[in-house]
>>> print(open('final-v2.txt').read())   # compact mmCIF, C-alpha atoms and all ligand atoms
# COMPACT_ATOMS: atom_id res chain seq x y z
CA MET I 1 6.49 -27.10 -11.72
CA ALA I 2 5.56 -23.47 -12.40
CA ASP I 3 8.09 -20.79 -11.46
CA LEU I 4 6.19 -18.08 -9.53
CA SER I 5 9.11 -15.69 -9.06
CA THR I 6 8.61 -12.04 -9.96
CA ARG I 7 9.99 -8.57 -9.21
CA PHE I 8 8.54 -5.75 -7.16
CA PHE I 9 10.06 -3.03 -4.95
CA GLY I 10 13.11 -3.44 -7.21
CA LEU I 11 13.61 -6.85 -5.55
CA LYS I 12 13.32 -10.43 -6.71
CA LEU I 13 10.39 -12.12 -4.94
CA ASP I 14 9.83 -15.89 -4.80
CA ASN I 15 6.18 -15.32 -5.60
CA PRO I 16 3.82 -12.37 -6.18
CA ILE I 17 1.98 -12.50 -2.82
CA ILE I 18 2.96 -9.48 -0.72
CA ILE I 19 1.49 -9.18 2.76
CA ALA I 20 0.20 -5.61 2.76
CA SER I 21 0.97 -3.12 5.51
CA SER I 22 -1.59 -3.71 8.28
CA GLY I 23 -2.00 -4.94 11.84
CA LEU I 24 -0.91 -8.33 10.50
CA THR I 25 2.56 -6.96 9.90
CA ALA I 26 2.91 -4.92 13.08
CA ASN I 27 4.74 -7.44 15.26
CA ALA I 28 7.56 -9.93 14.81
CA GLU I 29 5.57 -13.03 15.70
CA SER I 30 2.89 -12.45 13.06
CA ILE I 31 5.49 -11.46 10.45
CA LYS I 32 7.38 -14.71 11.07
CA ARG I 33 4.17 -16.73 10.60
CA PHE I 34 3.51 -15.08 7.23
CA ALA I 35 7.12 -15.67 6.17
CA LYS I 36 6.86 -19.33 7.17
CA CYS I 37 3.63 -19.75 5.21
CA GLY I 38 5.35 -18.59 1.99
CA ALA I 39 4.82 -14.82 1.60
CA GLY I 40 6.75 -13.31 -1.33
CA ALA I 41 7.44 -10.12 0.66
CA ILE I 42 6.09 -8.39 3.76
CA VAL I 43 5.34 -4.69 4.17
CA LEU I 44 5.45 -3.58 7.78
CA LYS I 45 2.59 -1.64 9.35
CA SER I 46 3.13 2.03 8.51
CA ILE I 47 4.70 4.37 10.96
CA PHE I 48 2.49 7.49 10.97
CA GLU I 49 3.84 10.94 11.58
CA GLU I 50 0.28 11.84 12.59
CA GLU I 51 0.36 9.34 15.45
CA ILE I 52 3.65 10.68 16.69
CA LYS I 53 2.24 14.19 16.59
CA GLN I 54 -0.88 13.14 18.52
CA GLU I 55 1.25 11.71 21.27
CA TYR I 56 3.25 14.91 21.36
CA ASP I 57 0.05 16.98 21.55
CA GLN I 58 -1.14 14.80 24.46
CA VAL I 59 2.05 15.57 26.38
CA LEU I 60 1.42 19.23 25.69
CA ARG I 61 -2.17 19.08 27.00
CA ASN I 62 -1.14 17.21 30.16
CA ALA I 63 1.73 19.49 31.01
CA GLY I 64 0.12 22.91 30.68
CA THR I 65 2.15 25.94 29.72
CA SER I 66 4.68 26.57 32.50
CA HIS I 67 7.80 28.43 31.46
CA HIS I 68 9.94 25.50 32.49
CA PHE I 69 7.83 23.12 30.43
CA LEU I 70 7.92 25.29 27.34
CA GLU I 71 11.69 25.25 27.56
CA GLN I 72 11.50 21.47 27.50
CA LEU I 73 9.24 21.26 24.44
CA ASP I 74 11.92 20.64 21.89
CA TYR I 75 13.33 17.94 24.10
CA PHE I 76 9.92 16.17 24.42
CA ASP I 77 9.37 16.42 20.68
CA TYR I 78 12.72 14.80 20.11
CA GLU I 79 12.17 12.13 22.80
CA ILE I 80 8.74 11.11 21.53
CA ARG I 81 9.92 10.89 17.97
CA GLU I 82 12.95 8.87 19.01
CA GLU I 83 10.82 6.47 21.06
CA ASN I 84 8.29 5.79 18.31
CA VAL I 85 10.88 5.47 15.62
CA GLY I 86 13.01 3.41 18.01
CA HIS I 87 10.29 0.72 18.32
CA TYR I 88 9.94 0.58 14.57
CA ILE I 89 13.68 0.30 14.04
CA ASP I 90 13.87 -2.51 16.61
CA LEU I 91 11.12 -4.39 14.75
CA ILE I 92 12.96 -4.05 11.44
CA LYS I 93 16.21 -5.27 13.00
CA GLU I 94 14.52 -8.23 14.68
CA VAL I 95 12.62 -9.51 11.63
CA ARG I 96 15.52 -8.79 9.28
CA LYS I 97 17.65 -11.11 11.42
CA GLU I 98 15.05 -13.88 11.59
CA VAL I 99 13.25 -14.06 8.23
CA LYS I 100 14.63 -14.42 4.71
CA VAL I 101 11.63 -12.88 2.95
CA PRO I 102 12.13 -9.25 1.83
CA ILE I 103 10.98 -6.81 4.52
CA ILE I 104 9.66 -3.47 3.35
CA ALA I 105 9.14 -0.59 5.75
CA SER I 106 6.20 1.76 5.27
CA ILE I 107 5.97 5.40 6.24
CA ASN I 108 3.11 7.84 6.23
CA CYS I 109 4.13 11.43 6.87
CA ILE I 110 2.27 14.70 6.60
CA THR I 111 5.20 17.03 6.06
CA ALA I 112 7.95 16.72 3.50
CA GLY I 113 10.81 17.10 6.00
CA GLU I 114 9.68 14.30 8.29
CA TRP I 115 9.69 11.81 5.45
CA SER I 116 13.43 11.93 5.17
CA PHE I 117 13.96 11.72 8.93
CA PHE I 118 12.16 8.32 9.01
CA ALA I 119 13.56 7.06 5.74
CA GLU I 120 17.21 7.37 6.68
CA LYS I 121 16.72 5.53 9.97
CA ILE I 122 14.74 2.78 8.29
CA GLU I 123 17.44 2.24 5.70
CA ALA I 124 20.11 2.08 8.38
CA ALA I 125 18.07 -0.55 10.27
CA GLY I 126 18.24 -2.91 7.28
CA ALA I 127 14.84 -2.70 5.53
CA ASP I 128 15.10 -4.08 1.98
CA ALA I 129 12.93 -1.33 0.53
CA LEU I 130 10.61 1.44 1.57
CA GLU I 131 6.98 2.01 0.70
CA LEU I 132 5.56 5.49 1.01
CA ASN I 133 1.94 5.31 2.07
CA LEU I 134 0.90 8.58 0.44
CA PHE I 135 -2.48 10.04 1.22
CA LEU I 136 -3.91 13.42 2.03
CA LEU I 137 -7.72 13.44 2.10
CA PRO I 138 -8.52 15.90 -0.72
CA SER I 139 -11.15 17.72 1.36
CA ASP I 140 -9.38 21.05 1.94
CA ILE I 141 -11.26 23.33 -0.44
CA ARG I 142 -8.45 25.91 -0.34
CA LYS I 143 -6.07 23.43 -1.95
CA SER I 144 -5.97 22.85 -5.68
CA ALA I 145 -5.22 19.53 -7.36
CA GLU I 146 -1.78 20.97 -8.21
CA ASP I 147 -1.09 21.70 -4.51
CA GLN I 148 -1.97 18.10 -3.64
CA ASN I 149 0.18 16.68 -6.42
CA GLU I 150 3.07 18.90 -5.40
CA PHE I 151 2.98 17.40 -1.90
CA TYR I 152 3.12 13.84 -3.28
CA MET I 153 5.92 14.57 -5.73
CA SER I 154 8.04 16.47 -3.24
CA ALA I 155 7.60 13.76 -0.60
CA VAL I 156 8.92 11.19 -3.08
CA GLU I 157 11.79 13.46 -4.13
CA HIS I 158 12.82 14.14 -0.53
CA VAL I 159 13.03 10.47 0.33
CA MET I 160 14.73 9.40 -2.87
CA GLN I 161 17.47 11.97 -2.27
CA LYS I 162 18.15 10.51 1.17
CA VAL I 163 18.14 6.71 0.71
CA LYS I 164 19.67 4.18 -1.61
CA ILE I 165 17.19 1.34 -0.98
CA PRO I 166 14.33 1.08 -3.50
CA VAL I 167 11.43 3.44 -2.79
CA ALA I 168 7.91 2.46 -3.86
CA VAL I 169 4.62 4.29 -3.39
CA LYS I 170 1.10 3.18 -2.56
CA ILE I 171 -1.58 5.63 -3.63
CA SER I 172 -5.33 6.09 -3.52
CA PRO I 173 -7.59 6.41 -6.57
CA PHE I 174 -8.70 9.90 -5.44
CA PHE I 175 -6.98 12.12 -7.98
CA SER I 176 -8.65 14.27 -10.61
CA ASN I 177 -5.94 13.24 -13.09
CA LEU I 178 -5.08 9.75 -11.88
CA GLY I 179 -3.37 8.49 -15.05
CA ALA I 180 -1.09 11.52 -15.22
CA VAL I 181 -0.20 11.21 -11.51
CA ILE I 182 0.74 7.53 -11.91
CA GLN I 183 2.86 8.46 -14.93
CA ALA I 184 4.54 11.36 -13.09
CA LEU I 185 5.34 9.16 -10.07
CA SER I 186 6.90 6.55 -12.33
CA GLU I 187 9.03 9.27 -13.93
CA LYS I 188 10.41 10.18 -10.50
CA GLY I 189 12.18 6.82 -10.58
CA VAL I 190 10.14 4.95 -7.93
CA ALA I 191 10.70 1.20 -7.79
CA GLY I 192 7.00 0.39 -7.93
CA ILE I 193 3.50 1.77 -7.52
CA SER I 194 0.71 -0.04 -5.70
CA LEU I 195 -2.87 0.64 -6.82
CA PHE I 196 -4.90 1.32 -4.62
CA ASN I 197 -4.71 1.69 -0.87
CA ARG I 198 -7.82 1.35 1.34
CA PHE I 199 -8.56 3.76 4.14
CA TYR I 200 -10.48 4.17 7.32
CA THR I 201 -13.99 5.29 6.34
CA PRO I 202 -16.76 6.51 8.63
CA ASP I 203 -20.26 5.08 8.96
CA ILE I 204 -23.29 6.20 10.99
CA ASP I 205 -24.94 4.32 13.85
CA LEU I 206 -28.64 5.21 13.50
CA ASP I 207 -29.57 4.05 17.03
CA LYS I 208 -26.75 5.81 18.85
CA MET I 209 -26.81 8.77 16.41
CA LYS I 210 -23.07 8.95 16.10
CA LEU I 211 -20.22 8.29 13.72
CA ILE I 212 -18.68 4.83 13.85
CA PRO I 213 -15.92 3.21 11.81
CA SER I 214 -17.06 1.12 8.85
CA SER I 215 -15.56 -2.34 8.28
CA PRO I 216 -11.87 -1.96 7.48
CA PHE I 217 -11.90 -5.05 5.27
CA SER I 218 -12.35 -5.25 1.52
CA GLU I 219 -14.81 -7.55 -0.19
CA ALA I 220 -13.82 -9.94 -2.97
CA VAL I 221 -15.73 -7.81 -5.52
CA ASP I 222 -13.56 -4.74 -4.84
CA TYR I 223 -10.74 -5.89 -7.11
CA THR I 224 -12.21 -4.45 -10.31
CA LEU I 225 -11.09 -0.84 -9.64
CA PRO I 226 -7.38 -1.74 -9.36
CA LEU I 227 -7.78 -4.25 -12.21
CA ARG I 228 -8.92 -1.50 -14.58
CA TRP I 229 -6.07 0.84 -13.65
CA ILE I 230 -3.40 -1.85 -13.76
CA GLY I 231 -4.67 -2.77 -17.24
CA LEU I 232 -4.79 0.86 -18.36
CA MET I 233 -1.37 1.92 -17.03
CA SER I 234 0.91 -1.12 -17.12
CA ASP I 235 2.03 -0.61 -20.75
CA SER I 236 2.81 3.06 -20.46
CA ILE I 237 4.88 3.60 -17.31
CA ASN I 238 8.52 3.02 -16.37
CA CYS I 239 8.07 1.01 -13.20
CA ASP I 240 6.39 -2.12 -11.87
CA LEU I 241 2.82 -2.05 -10.61
CA ALA I 242 1.27 -4.05 -7.78
CA ALA I 243 -2.46 -4.43 -7.33
CA THR I 244 -4.05 -4.04 -3.94
CA THR I 245 -7.67 -4.03 -2.64
CA GLY I 246 -10.11 -6.88 -2.99
CA ILE I 247 -7.65 -9.61 -3.98
CA HIS I 248 -8.79 -12.63 -2.02
CA ASP I 249 -7.90 -15.71 -4.11
CA GLY I 250 -5.58 -17.23 -6.70
CA ALA I 251 -7.94 -16.50 -9.60
CA THR I 252 -7.87 -12.76 -8.83
CA VAL I 253 -4.07 -12.85 -8.55
CA ALA I 254 -3.95 -14.40 -12.06
CA LYS I 255 -6.27 -11.65 -13.37
CA MET I 256 -4.04 -8.88 -11.95
CA LEU I 257 -0.93 -10.44 -13.49
CA LEU I 258 -2.73 -10.76 -16.85
CA ALA I 259 -3.65 -7.05 -16.63
CA GLY I 260 0.06 -6.27 -16.15
CA ALA I 261 0.72 -6.27 -12.40
CA SER I 262 4.03 -7.72 -11.21
CA ALA I 263 2.67 -8.59 -7.77
CA VAL I 264 -0.30 -8.17 -5.46
CA GLN I 265 -0.59 -6.77 -1.95
CA MET I 266 -3.18 -8.46 0.27
CA ALA I 267 -4.43 -7.93 3.81
CA SER I 268 -8.21 -8.38 4.36
CA VAL I 269 -8.45 -12.02 3.33
CA PHE I 270 -5.60 -12.95 5.68
CA TYR I 271 -7.49 -11.39 8.60
CA LYS I 272 -10.35 -13.74 7.72
CA LYS I 273 -8.45 -16.88 6.72
CA GLY I 274 -5.03 -16.64 8.36
CA PRO I 275 -1.54 -16.91 6.85
CA GLU I 276 -2.11 -20.53 5.73
CA HIS I 277 -4.34 -19.11 2.98
CA ILE I 278 -1.12 -18.13 1.12
CA GLY I 279 -0.63 -21.84 0.33
CA THR I 280 -4.12 -22.12 -1.20
CA ILE I 281 -3.60 -19.00 -3.33
CA LEU I 282 -0.22 -20.17 -4.62
CA ASN I 283 -1.58 -23.63 -5.32
CA ASP I 284 -4.59 -22.26 -7.23
CA LEU I 285 -2.32 -19.94 -9.24
CA THR I 286 0.00 -22.85 -10.07
CA VAL I 287 -2.89 -25.09 -11.14
CA TRP I 288 -4.22 -22.35 -13.43
CA MET I 289 -0.75 -21.74 -14.93
CA ASN I 290 -0.32 -25.47 -15.55
CA GLU I 291 -3.74 -25.69 -17.22
CA LYS I 292 -2.82 -22.80 -19.52
CA GLY I 293 0.70 -24.13 -20.17
CA TYR I 294 2.50 -21.17 -18.54
CA GLN I 295 5.77 -21.95 -16.81
CA THR I 296 6.71 -18.51 -15.55
CA ILE I 297 4.84 -15.34 -14.67
CA SER I 298 6.47 -13.47 -17.54
CA ASP I 299 4.81 -15.99 -19.93
CA PHE I 300 1.48 -14.28 -19.27
CA LYS I 301 2.10 -11.02 -17.39
CA GLY I 302 0.36 -8.19 -19.25
CA LYS I 303 -1.22 -10.52 -21.82
CA LEU I 304 -4.55 -8.75 -21.22
CA SER I 305 -3.28 -5.20 -20.66
CA LEU I 306 -4.71 -2.27 -22.62
CA LYS I 307 -2.17 -2.81 -25.42
CA ASN I 308 -2.54 -6.59 -25.61
CA ALA I 309 -6.18 -7.39 -24.81
CA PRO I 310 -8.28 -8.39 -27.84
CA ASN I 311 -11.02 -5.99 -26.64
CA PRO I 312 -9.09 -3.11 -24.98
CA ALA I 313 -12.09 -0.78 -25.06
CA GLY I 314 -13.36 -2.74 -22.06
CA TYR I 315 -10.83 -0.90 -19.87
CA GLU I 316 -12.01 2.51 -21.03
CA ARG I 317 -15.75 1.98 -21.03
CA ALA I 318 -17.17 3.76 -17.98
CA GLN I 319 -20.88 4.40 -18.50
CA PHE I 320 -23.59 1.76 -18.30
CA MET I 321 -25.04 2.86 -21.64
CA LYS I 322 -26.00 -0.77 -21.97
CA GLN I 323 -25.28 -3.49 -19.45
CA PHE I 324 -23.13 -6.34 -20.66
CA ASN I 325 -22.57 -9.77 -19.20
CA SER I 326 -19.16 -11.42 -19.26
CA ASP I 327 -19.69 -12.62 -22.85
CA GLU I 328 -20.40 -9.04 -23.90
CA LYS I 329 -24.07 -9.85 -24.50
CA VAL I 330 -26.52 -7.11 -23.56
CA ILE I 331 -28.35 -7.73 -20.25
CA GLU I 332 -32.00 -6.64 -20.48
C1 LIG R 1 -6.79 -3.24 9.43
C2 LIG R 1 -5.98 -2.63 8.31
C3 LIG R 1 -4.89 -1.81 8.60
C4 LIG R 1 -4.16 -1.22 7.56
N1 LIG R 1 -3.08 -0.43 7.86
C5 LIG R 1 -2.35 0.11 6.84
C6 LIG R 1 -1.19 0.88 7.10
O1 LIG R 1 -0.77 1.10 8.24
N2 LIG R 1 -0.50 1.39 6.04
C7 LIG R 1 -0.89 1.17 4.74
O2 LIG R 1 -0.22 1.65 3.82
N3 LIG R 1 -1.97 0.43 4.47
C8 LIG R 1 -2.71 -0.10 5.47
N4 LIG R 1 -3.79 -0.88 5.19
C9 LIG R 1 -4.17 -1.11 3.78
C10 LIG R 1 -3.59 -2.43 3.28
O3 LIG R 1 -2.18 -2.38 3.28
C11 LIG R 1 -4.07 -2.81 1.87
O4 LIG R 1 -3.43 -2.01 0.90
C12 LIG R 1 -5.57 -2.64 1.71
O5 LIG R 1 -6.26 -3.15 2.84
C13 LIG R 1 -6.10 -3.34 0.47
O6 LIG R 1 -5.86 -4.72 0.49
P1 LIG R 1 -7.00 -5.77 0.94
O7 LIG R 1 -8.19 -5.52 0.11
O8 LIG R 1 -6.37 -7.11 0.69
O9 LIG R 1 -7.24 -5.52 2.39
C14 LIG R 1 -4.53 -1.49 6.21
C15 LIG R 1 -5.60 -2.34 5.93
C16 LIG R 1 -6.32 -2.92 6.96
C17 LIG R 1 -7.47 -3.84 6.62
>>> encode(input="final-v2.txt", output="structure tokens")
Amino acid sequence: MADLSTRFFGLKLDNPIIIASSGLTANAESIKRFAKCGAGAIVLKSIFEEEIKQEYDQVLRNAGTSHHFLEQLDYFDYEIREENVGHYIDLIKEVRKEVKVPIIASINCITAGEWSFFAEKIEAAGADALELNLFLLPSDIRKSAEDQNEFYMSAVEHVMQKVKIPVAVKISPFFSNLGAVIQALSEKGVAGISLFNRFYTPDIDLDKMKLIPSSPFSEAVDYTLPLRWIGLMSDSINCDLAATTGIHDGATVAKMLLAGASAVQMASVFYKKGPEHIGTILNDLTVWMNEKGYQTISDFKGKLSLKNAPNPAGYERAQFMKQFNSDEKVIE
């Protein structure tokens, strides 16, 4: 029987399937179902500073600008923050009591100070680790790449100074110097880096002539971007990597582990197939490991990373100078 145990978030996991932060991990009932179906770890839906701010702004709009109200502002700010964070803390406490699987909290803040405010409370509530969902849309033309990077690094520093639980980060691929950013984050001492988060993206409705949300779900072909970067980076950084986006089946999990990932984070496929799909993925991974004669994940983790692959140039080739099929034969 293959041993599927691995490490991510600085924690031992029974298997590499992490339920990614999403609506699936936003309430205790759903979290318990994923735990029962064999998840290796569960990352709670992020708590967003932006959301808390929007609620605060709504109170402001409704209340007008009376002198009395303005005096109360600080109080409302405090109350709203406490209420939102309070719900999140209650969720952590409830699931921590009822499931054995590691529970990782996730926070998305837009100012460095707020990060630490959430992080300390989350640690006190009993989360096993913390994932920072780091993303600023790089669309502000007044900000340089260095300004953006400074925000990410200082957010990580702030949190790591405040908490003792492992702190991991999930990032986007939208950096001008992605390799260097991954390296710099690993040097900050994070417990893991997940490559790459997916985001809300807009679409256009041609009939109604307005912006609409595009599908939030990945497709099974989307895994190749994280696969490349896991393969490129896994040999040269100081922390574990997890792959996320487009991982829908056991075969893709095996590919990510071969490229050097320690675990995978998955959401979209579970929206489509439900938590029972974990069993199919683990079974398919086990069958493949048995066929190849691997007993543990460390027997093959990183076997096809940049350093170890027989044809490493495949990771670095970017242009379609010629098109190749999977046997490296030129496609006419
Ligand atoms: C509906 C939905 C909600 C999500 N919400 C969050 C979130 O709150 N925080 C976060 O870090 N990632 C969030 N994600 C991203 C997922 O955690 C995951 O990294 C991403 O979807 C890629 O995995 P997938 O291809 O298996 O969906 C969300 C994804 C989906 C589909």
>>> residues_around(input="final-v2.txt", residues="region 143-146 of chain I", least_positions_apart="5", cutoff="10 Å", atoms="all atoms listed in the file", output="PyMOL selection string")
chain I and resi 138+151-152+175-177
>>> residues_around(input="final-v2.txt", residues="region 247-260 of chain I", least_positions_apart="2", cutoff="9 Å", atoms="all atoms listed in the file", output="VMD selection string")
chain I and resid 16 to 17 218 to 223 226 to 235 240 to 245 262 to 270 277 to 278 280 to 286 288 to 289 297 to 298 300 to 306 309
>>> closest_residue(input="final-v2.txt", among="I:Val95, I:Ala318, I:Val181, I:Ala168", to="Ile107 (chain I)", atoms="only C-alpha atoms")
I:Ala168
>>> atom_distance(input="final-v2.txt", atom1="atom C11 of ligand LIG 1 (chain R)", atom2="CA of Val287 (chain I)")
25.8 Å
>>> residues_around(input="final-v2.txt", residues="Ile89 (chain I)", least_positions_apart="3", cutoff="7 Å", atoms="only C-alpha atoms", output="list in words")
Val85, Gly86, Ile92, Lys93, Ile122 and Ala125 of chain I
>>> atom_distance(input="final-v2.txt", atom1="CA of Gly274 (chain I)", atom2="CA of Val101 (chain I)")
17.9 Å
>>> closest_residue(input="final-v2.txt", among="I:Glu276, I:Glu316, I:Glu187, I:Glu98", to="Phe34 (chain I)", atoms="only C-alpha atoms")
I:Glu276
>>> closest_residue(input="final-v2.txt", among="I:Asn27, I:Gln148, I:Ser154, I:Ser21", to="ligand LIG 1 (chain R)", atoms="only C-alpha atoms and all ligand atoms")
I:Ser21
>>> atom_distance(input="final-v2.txt", atom1="CA of Cys37 (chain I)", atom2="CA of Pro216 (chain I)")
23.7 Å
>>> axis_aligned_box(input="final-v2.txt", around="ligand LIG 1 (chain R)", padding_each_side="6 Å", output="JSON")
{"center_x": -4.2, "center_y": -2.7, "center_z": 4.8, "size_x": 20.0, "size_y": 20.8, "size_z": 21.3}
>>> residues_around(input="final-v2.txt", residues="Met153 (chain I)", least_positions_apart="6", cutoff="9 Å", atoms="only C-alpha atoms", output="number ranges by chain")
I: 184-185, 188
>>> closest_residue(input="final-v2.txt", among="I:Ala155, I:Val167, I:Leu44, I:Ala28", to="ligand LIG 1 (chain R)", atoms="all atoms listed in the file")
I:Leu44
>>> closest_residue(input="final-v2.txt", among="I:Leu13, I:Val99, I:Ala20, I:Ala313", to="ligand LIG 1 (chain R)", atoms="only C-alpha atoms and all ligand atoms")
I:Ala20
>>> closest_residue(input="final-v2.txt", among="I:Pro275, I:Asn84, I:Asn311, I:Asp207", to="Ile18 (chain I)", atoms="all atoms listed in the file")
I:Pro275
>>> residues_around(input="final-v2.txt", residues="Cys239 (chain I)", least_positions_apart="5", cutoff="8 Å", atoms="all atoms listed in the file", output="ChimeraX atom specification")
/I:186,189-193
